[in-house]
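Asks: Got a structure here, written out as C-alpha cells. Questions coming.
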Amino acid sequence: MFDLNLIPHPLTGTPFGAALDLAILIGALALGLSLLTREYGWVDRFWALAPPIFCLLVAADAGYESARLNLMTVLITLWSARLTHNYWRKGGFKLGGEDYRWIYMRKKMGELRFQLMNCTFIAFGQMLIVWLFTSPIHHVWLNRGAPLNWVDALATALFLMYWVGEAVADQQQWNFQQEKKRKIEAGEEITEPFNTTGLFAYCRHPNFFCEVSMWWVIYLFAIASTGTLLHWSIAGAIVLNLLFLGSTQLTETITLEKYPSYRDYQERVPALIPIRFKSRD
C-alpha cells in the first residue's frame, strides 16, 4: 500500500491515510510553485485532479473488489473530468491563468497578509479541504464487504443529476462569455454584462449549487455502507459549504464593483437555491 507516513495521524496505515500524506505533499508543491512563479492558481489546478487519485488509492487497496468503492471512484472521476475540462478551456492550466479572485484579494490584503494566507489556507488549507470532502470513501473502505443497496442507487442518480446540472450551467456561462467577448471585439454594445438566462434565471450560481450538492451526495455512500447517519466525514461537505458561501460573497462583491446593475439581479434571483421568486402584482 502507498503510505508516505509524513506525520503520525489516526489514519496512518490506511489507504485514505496515505491520501492525507499525499494531500500534504501536493499542498507543499502548490506553495512552492506559487512562490516560484508568483501566481496562486496552482492549488486550483490540483483541486480538480486530487480527488480521483485519493479514491484510486482506496479502491486499489481493496483490489477493486468493492462495488461501492469502484462506483464512487467512477463518479468522482466523472466529476474531475468535467471540472478539468471547464478549467482548461478557460485557460486555467496556462501560466497566468490564475483565478481573478486571487488577484483581487492580493491587491486588497497587501503582500504580507496575502503571503501568510498563501502559506496556510491557499496551499495547505484547500488541499486538506479536498481530502476532507472525499473522506466518505474511508467509511466505505472500512465497510467494503457491505452490499450495494437502494441508498447507493439514490446517491448515484442524484450525483448524475447534479453533474449534468453543473455541466449545463458551465456551458451556458461559457456560451454567454464567448458571445460577450465576440461583441466586445466587434465593437457592439453590451446590454447585459452578466448571465441571467437559462439556469441562471433560477439562481445566480447554479454551478456552485450543483457542486456542493454532489459532495453531500457522496456522503450518502458512507450512510449506505454503514447503515448509520452520522460520521466524522460529514465535516467535508459542511466545510465545502462554508467555503462556497465565502467564495460566492467574494465573487459577488467583485461583480458589484464592476457592474452596479448586478444589484437588481441579486434582488430578483436567489444566490444558490434554484427557486425563482416571482414578483407580486
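The way I read the labels, and the way they are meant: chains A, B, ... in the order of the C-alpha cells, residue 1 as the first residue of every chain, and ligand 1 as the first ligand shown, with later ones counted on from there.
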Could you give me, as a PyMOL selection string, each residue of segment 197-259 of chain A that DSSP assigns to helix (DSSP H, G or I) when run on this structure's backbone?

Replies: chain A and resi 198-201+206-226+234-258

Asks: Excluding segment 108-118 of chain A and its own-chain neighbours fewer than 5 positions away, which residues fall within 10 Å of it when counting only C-alpha atoms? Please give them as a ChimeraX atom specification.

Replies: /A:30-31,34-35,40,102-103,123-125

Asks: Check the smallest atom-to-atom distance from each of A:Asn86, A:Thr228, A:Ser135, A:Ser213 to Pro51 of chain A using only C-alpha atoms, then report the winner.

Replies: A:Ser135

Asks: Do a neighbour search on Phe54 of chain A at 8 Å with only C-alpha atoms, toss out local chain neighbours closer than 6 positions, and write the hits as an NGL selection string.

Replies: :A and (16 or 19 or 131 or 134)

Asks: Would you write out those residues with N, CA and C atoms, as a compact mmCIF listing (two decimals), in the first residue's frame?

Replies:
```
# COMPACT_ATOMS: atom_id res chain seq x y z
N PHE A 16 -6.66 5.75 2.96
CA PHE A 16 -7.06 7.15 2.98
C PHE A 16 -6.12 7.97 3.86
N ALA A 19 -3.67 8.98 1.47
CA ALA A 19 -4.20 10.11 0.70
C ALA A 19 -3.96 11.42 1.45
N TRP A 131 -9.21 16.80 0.61
CA TRP A 131 -9.09 15.48 1.24
C TRP A 131 -10.32 15.21 2.13
N THR A 134 -13.58 14.30 0.35
CA THR A 134 -13.50 12.98 -0.27
C THR A 134 -13.57 11.87 0.77
```

Asks: Between atom CA of Asn70 of chain A and atom CA of Leu160 of chain A, what distance in Å does the model show, to one decimal?

Replies: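 Taking atom CA of Asn70 of chain A as the start and atom CA of Leu160 of chain A as the end point, the length is 15.5 Å.
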
Asks: I'd like a table as CSV: residues in segment 69-104 of chain A with an atom no more than 12 Å from segment 193-211 of chain A, each row giving the shortest atom pair and its distance in Å to one decimal, only C-alpha atoms counted, sorted by chain and rising residue number.

Replies:
```
residue,atom,partner,partner_atom,distance
A:Ile76,CA,A:Glu211,CA,11.6
A:Trp79,CA,A:Glu211,CA,9.0
A:Ser80,CA,A:Glu211,CA,11.3
A:Arg82,CA,A:Glu211,CA,11.1
A:Leu83,CA,A:Glu211,CA,9.8
A:Asn86,CA,A:Asn207,CA,11.5
```

Asks: Got a sec: who's within 10 Å of Ile129 of chain A, counting only C-alpha atoms, leaving out chain neighbours fewer than 5 positions off, as a list in words?

Replies: Ala23, Trp47, Phe121, Phe124, Thr134, Ser135, Ala235, Gly236, Ala237, Val239, Leu240 and Leu243 of chain A

Asks: Can those selected residues be exported to a file as a short mmCIF file (atom, residue, chain, number, x, y, z; two decimals), in the first residue's frame so that it contains N, CA and C atoms?

Replies:
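File written: again_4.cif
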```
data_model
loop_
_atom_site.label_atom_id
_atom_site.label_comp_id
_atom_site.auth_asym_id
_atom_site.auth_seq_id
_atom_site.Cartn_x
_atom_site.Cartn_y
_atom_site.Cartn_z
N ALA A 23 -1.99 14.60 0.12
CA ALA A 23 -2.57 15.94 0.12
C ALA A 23 -1.59 16.96 0.70
N TRP A 47 -6.81 20.89 -7.39
CA TRP A 47 -8.13 20.65 -6.80
C TRP A 47 -8.93 19.68 -7.66
N PHE A 121 -3.86 28.89 4.22
CA PHE A 121 -5.14 28.50 3.62
C PHE A 121 -5.04 28.10 2.15
N PHE A 124 -2.05 24.71 1.73
CA PHE A 124 -2.32 23.54 2.55
C PHE A 124 -3.79 23.43 2.94
N THR A 134 -13.58 14.30 0.35
CA THR A 134 -13.50 12.98 -0.27
C THR A 134 -13.57 11.87 0.77
N SER A 135 -13.54 12.22 2.04
CA SER A 135 -13.38 11.25 3.12
C SER A 135 -14.49 10.23 3.31
N ALA A 235 -18.07 16.34 7.95
CA ALA A 235 -17.39 17.63 8.06
C ALA A 235 -16.92 18.14 6.71
N GLY A 236 -16.60 17.22 5.78
CA GLY A 236 -16.14 17.63 4.46
C GLY A 236 -17.18 18.45 3.71
N ALA A 237 -18.41 17.94 3.68
CA ALA A 237 -19.47 18.66 2.98
C ALA A 237 -19.79 19.98 3.68
N VAL A 239 -17.71 21.89 5.54
CA VAL A 239 -16.63 22.86 5.28
C VAL A 239 -16.69 23.36 3.84
N LEU A 240 -17.01 22.47 2.90
CA LEU A 240 -17.12 22.89 1.50
C LEU A 240 -18.26 23.89 1.33
N LEU A 243 -16.99 27.17 2.53
CA LEU A 243 -16.04 27.72 1.56
C LEU A 243 -16.76 28.35 0.38
#
```

Asks: Which residue is closest to Leu57 of chain A? Choose from A:Gly97, A:Pro15, A:Pro8, A:Pro270 and count only C-alpha atoms.

Replies: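 Under the stated criterion, the closest residue is A:Pro15.
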
Asks: Any idea what the distance is between atom CA of Ala67 of chain A and atom CA of Gly17 of chain A?

Replies: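 Atom CA of Gly17 of chain A lies at a distance of 21.0 Å from atom CA of Ala67 of chain A.
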
Asks: State, in Å with one decimal place, the distance from atom CA of Val140 of chain A to atom CA of Ser233 of chain A.

Replies: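 Distance reported for this atom pair: 10.9 Å.
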
Asks: Mind checking which residues fall within 9 Å of Ala62 of chain A, counting only C-alpha atoms, ignoring those fewer than 6 positions away in the same chain, and posting them as a PyMOL selection string?

Replies: chain A and resi 69+141+144

Asks: Could you write out the selected residues, including C-alpha atoms, as a PDB file, in the first residue's frame?

Replies:
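Output below, filename out-v2.pdb:
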```
ATOM      1  CA  LEU A  69     -15.668   1.809  -3.823  1.00  0.00           C
ATOM      2  CA  TRP A 141     -13.430   1.124   2.766  1.00  0.00           C
ATOM      3  CA  ARG A 144     -16.177  -2.682   1.998  1.00  0.00           C
TER       4      ARG A 144
END
```

Asks: Quick one: everything within 12 Å of Ala155 of chain A, counting only C-alpha atoms, minus sequence neighbours fewer than 5 positions away in the same chain. Send it as a list in words.

Replies: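 Using only C-alpha atoms, the neighbours found are Arg68, Leu71, Met72, Leu75, Leu148, Asn149, Trp150, Leu160, Met161, Tyr162, Trp163, Ser213, Met214, Trp215, Trp216, Val217, Ile218, Tyr219, Leu220, Phe221, Ala222, Ile223, Ala224 and Ser225 of chain A.
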
Asks: If we count only C-alpha atoms, what is near Thr191 of chain A at a cut-off of 12 Å, once residues fewer than 3 positions away on the same chain are taken out, given as a PyMOL selection string?

Replies: chain A and resi 179-180+183-184+188+194-196+259+261

Asks: Could those residues be written to a file, using C-alpha atoms, as a PDB file, in the first residue's frame?

Replies:
```
ATOM      1  CA  GLU A 179     -20.673  35.855 -27.160  1.00  0.00           C
ATOM      2  CA  LYS A 180     -19.811  38.776 -24.876  1.00  0.00           C
ATOM      3  CA  LYS A 183     -19.380  41.614 -29.162  1.00  0.00           C
ATOM      4  CA  ILE A 184     -16.539  43.467 -27.434  1.00  0.00           C
ATOM      5  CA  GLU A 188     -21.014  46.042 -30.374  1.00  0.00           C
ATOM      6  CA  PHE A 194     -23.587  39.073 -16.816  1.00  0.00           C
ATOM      7  CA  ASN A 195     -25.635  35.961 -17.478  1.00  0.00           C
ATOM      8  CA  THR A 196     -29.256  35.956 -16.264  1.00  0.00           C
ATOM      9  CA  TYR A 259     -21.477  46.212 -12.639  1.00  0.00           C
ATOM     10  CA  SER A 261     -26.772  46.834 -12.110  1.00  0.00           C
TER      11      SER A 261
END
```

Asks: For segment 62-144 of chain A against segment 250-254 of chain A, with a cut-off of 10 Å and counting only C-alpha atoms, what is the closest atom pair and its distance in Å to one decimal for every residue that makes the cut, ordered by chain and number, as JSON lines?

Replies:
```
{"residue": "A:Tyr100", "atom": "CA", "partner": "A:Thr251", "partner_atom": "CA", "distance": 9.4}
{"residue": "A:Arg101", "atom": "CA", "partner": "A:Thr251", "partner_atom": "CA", "distance": 7.2}
{"residue": "A:Tyr104", "atom": "CA", "partner": "A:Ile254", "partner_atom": "CA", "distance": 8.0}
{"residue": "A:Met105", "atom": "CA", "partner": "A:Leu250", "partner_atom": "CA", "distance": 9.0}
```
